[in-house]
Amino acid sequence: MTSFIARLLAICAIAPAIALAQPAAAPVAKITPKPNAEHRRVPAQLPGTKVAGSPVKVTSVEGITEYRLPNGLKVLLFPDPSKPTVTVNMTYLVGSRHENYGETGMAHLLEHLLFKGTPRHPHMDEEFNVRGARFNGTTWLDRTNYYELFQASDANLAWAIELEADRMANSFIARTDLDSEMTVVRNEYESGENSPFGVTLKRLQSIAYDWHSYGRSTIGNRSDIENVKIENLQAFYRTYYQPDNAVLLIAGKFEADKALALVAKNFGAIAKPKRTLPAEWTVEPTQDGPREYTVRRKGDIQIVGVAYKVPSNLHVDSDAIGIGSFILSHVPTGRLHKALVETGKAAQVFGFPLQGKYPGLQIFGAVVKMGQDVAPVRDEMIKIIEDFGNTPPNAQEMERSKLSFLNAAEKTLANHESIGVQLSEYIALGDWRLFFLARDDLANISAEQVATASKAYFRRDNRTVGYFLPEDNPQRAEIPPAPALGEVMKGFTAKADTTVSEAFDPAQANIDKRTRRFEVGGVKVALLSKKNRGETVNVALQLNIGNEKALFGQRVNASMAGQMLARGTTRLTRAELSDEWERLKVSGRVSGPSASLQTTRPNLEETLRLAVHVLREPRFDAAEFEQLRTQSVTGIESQLAEPESRAS
């Protein structure tokens, strides 16, 4: 199984889907969450035409013909007698985006387990070796694929088709295999963690996304890899490894009729599933400001990565973004290379998409020599990328990028060994014919469309910047796991409950009966006593001051004066006063002619004395007043955009 980073770089080598660009006028980059059908002008499929056996012919493009089985399986046949080999590639429309909480990395882990055999093929690796077959499997955001390349013969073709059908329906997915393969996947994980590029990209994904599962690395989280239950993997397998969620491609030297008969015999026997695939509804919100992160680990290079959220590969703007990325990051002709590498600011630059069926990322980056400041490199990268829309590509840049993509498409079609694997990316988008649409639409892309799309998405508030900065002794804080509850409670002894409380009757007559009323120095006092937990005492204070003429126009002064009471007295600073309230177990504060305090019975007298002191001898410190004024103004300004506050 190829590694995570190797798969990513392989995907980046595939020409991006190319179509027309649409301008975006919003000040913040808007990412279309679900592409509409009209974004991609995929030709309508031909009416079904029956051929030998149960497969039904659907459509054909440049030698590749699609068939359907009654159980939902799609079959693509691409006969090519020019080479003495055959490629069989099975793509399942399931990837890391389909994983749930606690199951990250499960799609990739399951990919490994499908090489552990079935009752009919208990030793798959030996079977591959006997036939001299090249084989592998890869997992990505939206899909998982398995392929084998072998010498062309009827016997080998029959073996490969039967193997894939059996693998779809009868794989072991056993606990013993999970125990052994988990360590292999964990080694892949650790390899990525030890790669400056790998860990920088992984963090970039997680920082750029808030909610969508594209923000999770395909390799998954270590604890999920180590602890996932075999029952979860089996359920995942039963849900997604079904004929209606798969596309089988056979390319190379073979006879189409024989291949169809073998497909019908082996895959046709698999029943059409009755389950419904889980619905997806999470939409990543529009990013509302630039993000930045730093990874500090041991290493020998510095990396600066810059990413922007971009639309789905199905969206029309992704085509212009693909050309723009090439013009910016291609080596040695790209603008970033010329500005950073040729001037000696960076050792190398790179750029690639992390995209799929849903909105993804366009990533740029630079490798900086140890000891050099990364800030100038970052600033120059951002300036070139975000100003790209104002400096449209010239004719030579457009011609060079289109020629590169056309050459890539031509080489893919000329080599059936690669088309099976590369078509998996287009199959994952929903239709393999997108490969041809992408190639054919290249001629329609203009420099103006590239500039327009760049302006729409290469924006400050849509940007995520990441750094890998080597450090021999990073200042990490290892967080211990939560201890077992039994260990936490060990030795606990409950104290005796000495609380005395009563059930109080809140009827008005009972309140009047229990209340003592009297005056002290002109102050009216009402005392209502009852037994309660903690001997809690509540104090309500109301001082009537002034009259309508004296108080007219004094609202702000009265409010500010009340708030200043809590900011110190003639004897106590603000901090000392706060400590006193805490010592007396007081909740609430004196903040004007009205006050509501809560304390305990033993602290009541001191609390009342402190309240009187605060009312009679406030400090009114000038510095504290300026702090209060600034906080008040800031609070008012923060509400200016709130409809409810403005209405009030």
# chains A, B, ... in the order shown; residues from 1 in each chain; ligands from 1

$ select_by_dssp --residues "segment 260-500 of chain A" --states "alpha helix (DSSP H)" --output "NGL selection string"
:A and (260-267 or 317-329 or 335-336 or 375-386 or 395-413 or 416-429 or 434-441 or 447-457 or 485-489)

$ residues_around --residues "segment 154-165 of chain A" --least-positions-apart "3" --cutoff "7 Å" --atoms "only C-alpha atoms" --output "NGL selection string"
:A and (168-169 or 262-263 or 266-267)

$ write_last_selection --atoms "C-alpha atoms" --output "compact mmCIF listing (two decimals), in the first residue's frame"
# COMPACT_ATOMS: atom_id res chain seq x y z
CA MET A 168 -15.94 -7.52 -2.59
CA ALA A 169 -18.24 -10.06 -0.96
CA LEU A 262 -16.58 -13.32 -16.63
CA VAL A 263 -17.88 -10.15 -14.99
CA ASN A 266 -18.66 -13.49 -10.88
CA PHE A 267 -20.12 -10.09 -10.00

$ closest_residue --among "A:Glu62, A:Glu99, A:Asp579, A:Glu519" --to "Asn221 of chain A" --atoms "only C-alpha atoms"
A:Glu99

$ residues_around --residues "segment 609-611 of chain A" --least-positions-apart "6" --cutoff "10 Å" --atoms "only C-alpha atoms" --output "compact mmCIF listing (two decimals) with N, CA and C atoms, in the first residue's frame"
# COMPACT_ATOMS: atom_id res chain seq x y z
N LEU A 541 -30.39 45.62 49.35
CA LEU A 541 -30.23 46.98 49.84
C LEU A 541 -30.78 47.96 48.81
N LEU A 565 -17.66 52.12 42.32
CA LEU A 565 -17.64 51.69 43.71
C LEU A 565 -16.86 50.40 43.90
N LEU A 577 -9.89 45.06 47.67
CA LEU A 577 -11.34 45.01 47.88
C LEU A 577 -11.91 43.70 47.34
N GLU A 580 -11.20 40.95 49.73
CA GLU A 580 -12.06 41.01 50.91
C GLU A 580 -13.43 40.39 50.62
N TRP A 581 -13.99 40.72 49.48
CA TRP A 581 -15.29 40.11 49.12
C TRP A 581 -15.16 38.59 49.06
N LEU A 584 -14.93 36.98 52.57
CA LEU A 584 -16.23 36.97 53.25
C LEU A 584 -17.27 36.13 52.51
N ARG A 589 -22.00 42.44 44.29
CA ARG A 589 -21.17 43.56 44.71
C ARG A 589 -22.05 44.80 44.91
N VAL A 590 -21.54 45.74 45.69
CA VAL A 590 -22.21 47.03 45.85
C VAL A 590 -21.85 47.89 44.64
N SER A 591 -22.88 48.27 43.86
CA SER A 591 -22.59 49.04 42.64
C SER A 591 -23.59 50.17 42.46
N ALA A 595 -28.28 47.16 45.78
CA ALA A 595 -27.28 46.11 45.87
C ALA A 595 -27.94 44.81 46.29
N LEU A 597 -26.55 41.15 47.73
CA LEU A 597 -25.38 40.42 48.19
C LEU A 597 -25.80 39.08 48.78

$ residues_around --residues "Val523 of chain A" --least-positions-apart "6" --cutoff "12 Å" --atoms "only C-alpha atoms" --output "PyMOL selection string"
chain A and resi 517+541-544

$ closest_residue --among "A:Gly63, A:His112, A:Thr91, A:Asp512" --to "Leu413 of chain A" --atoms "only C-alpha atoms"
A:Gly63

$ residues_around --residues "segment 202-215 of chain A" --least-positions-apart "3" --cutoff "8 Å" --atoms "only C-alpha atoms" --output "number ranges by chain"
A: 96-99, 141, 198-199, 282-285, 291-293, 305, 307, 309, 360, 464-466

$ write_last_selection --atoms "C-alpha atoms" --output "short mmCIF file (atom, residue, chain, number, x, y, z; two decimals), in the first residue's frame"
data_model
loop_
_atom_site.label_atom_id
_atom_site.label_comp_id
_atom_site.auth_asym_id
_atom_site.auth_seq_id
_atom_site.Cartn_x
_atom_site.Cartn_y
_atom_site.Cartn_z
CA SER A 96 -11.60 9.08 4.54
CA ARG A 97 -14.44 11.60 4.27
CA HIS A 98 -16.91 8.81 5.14
CA GLU A 99 -15.34 8.04 8.53
CA LEU A 141 -10.62 11.51 0.46
CA GLY A 198 3.89 15.24 5.82
CA VAL A 199 3.24 16.70 9.24
CA THR A 282 -22.00 18.93 6.53
CA VAL A 283 -21.04 22.13 4.68
CA GLU A 284 -17.79 23.88 5.58
CA PRO A 285 -18.62 27.52 6.49
CA ARG A 291 -5.22 31.44 9.97
CA GLU A 292 -1.68 30.59 10.97
CA TYR A 293 0.06 27.73 12.76
CA GLY A 305 2.88 26.45 3.35
CA ALA A 307 -3.41 27.25 1.39
CA LYS A 309 -10.09 27.02 0.11
CA GLY A 360 -10.94 21.54 -1.10
CA THR A 464 -4.16 29.49 5.98
CA VAL A 465 -0.40 29.75 6.56
CA GLY A 466 1.71 27.06 8.17
#
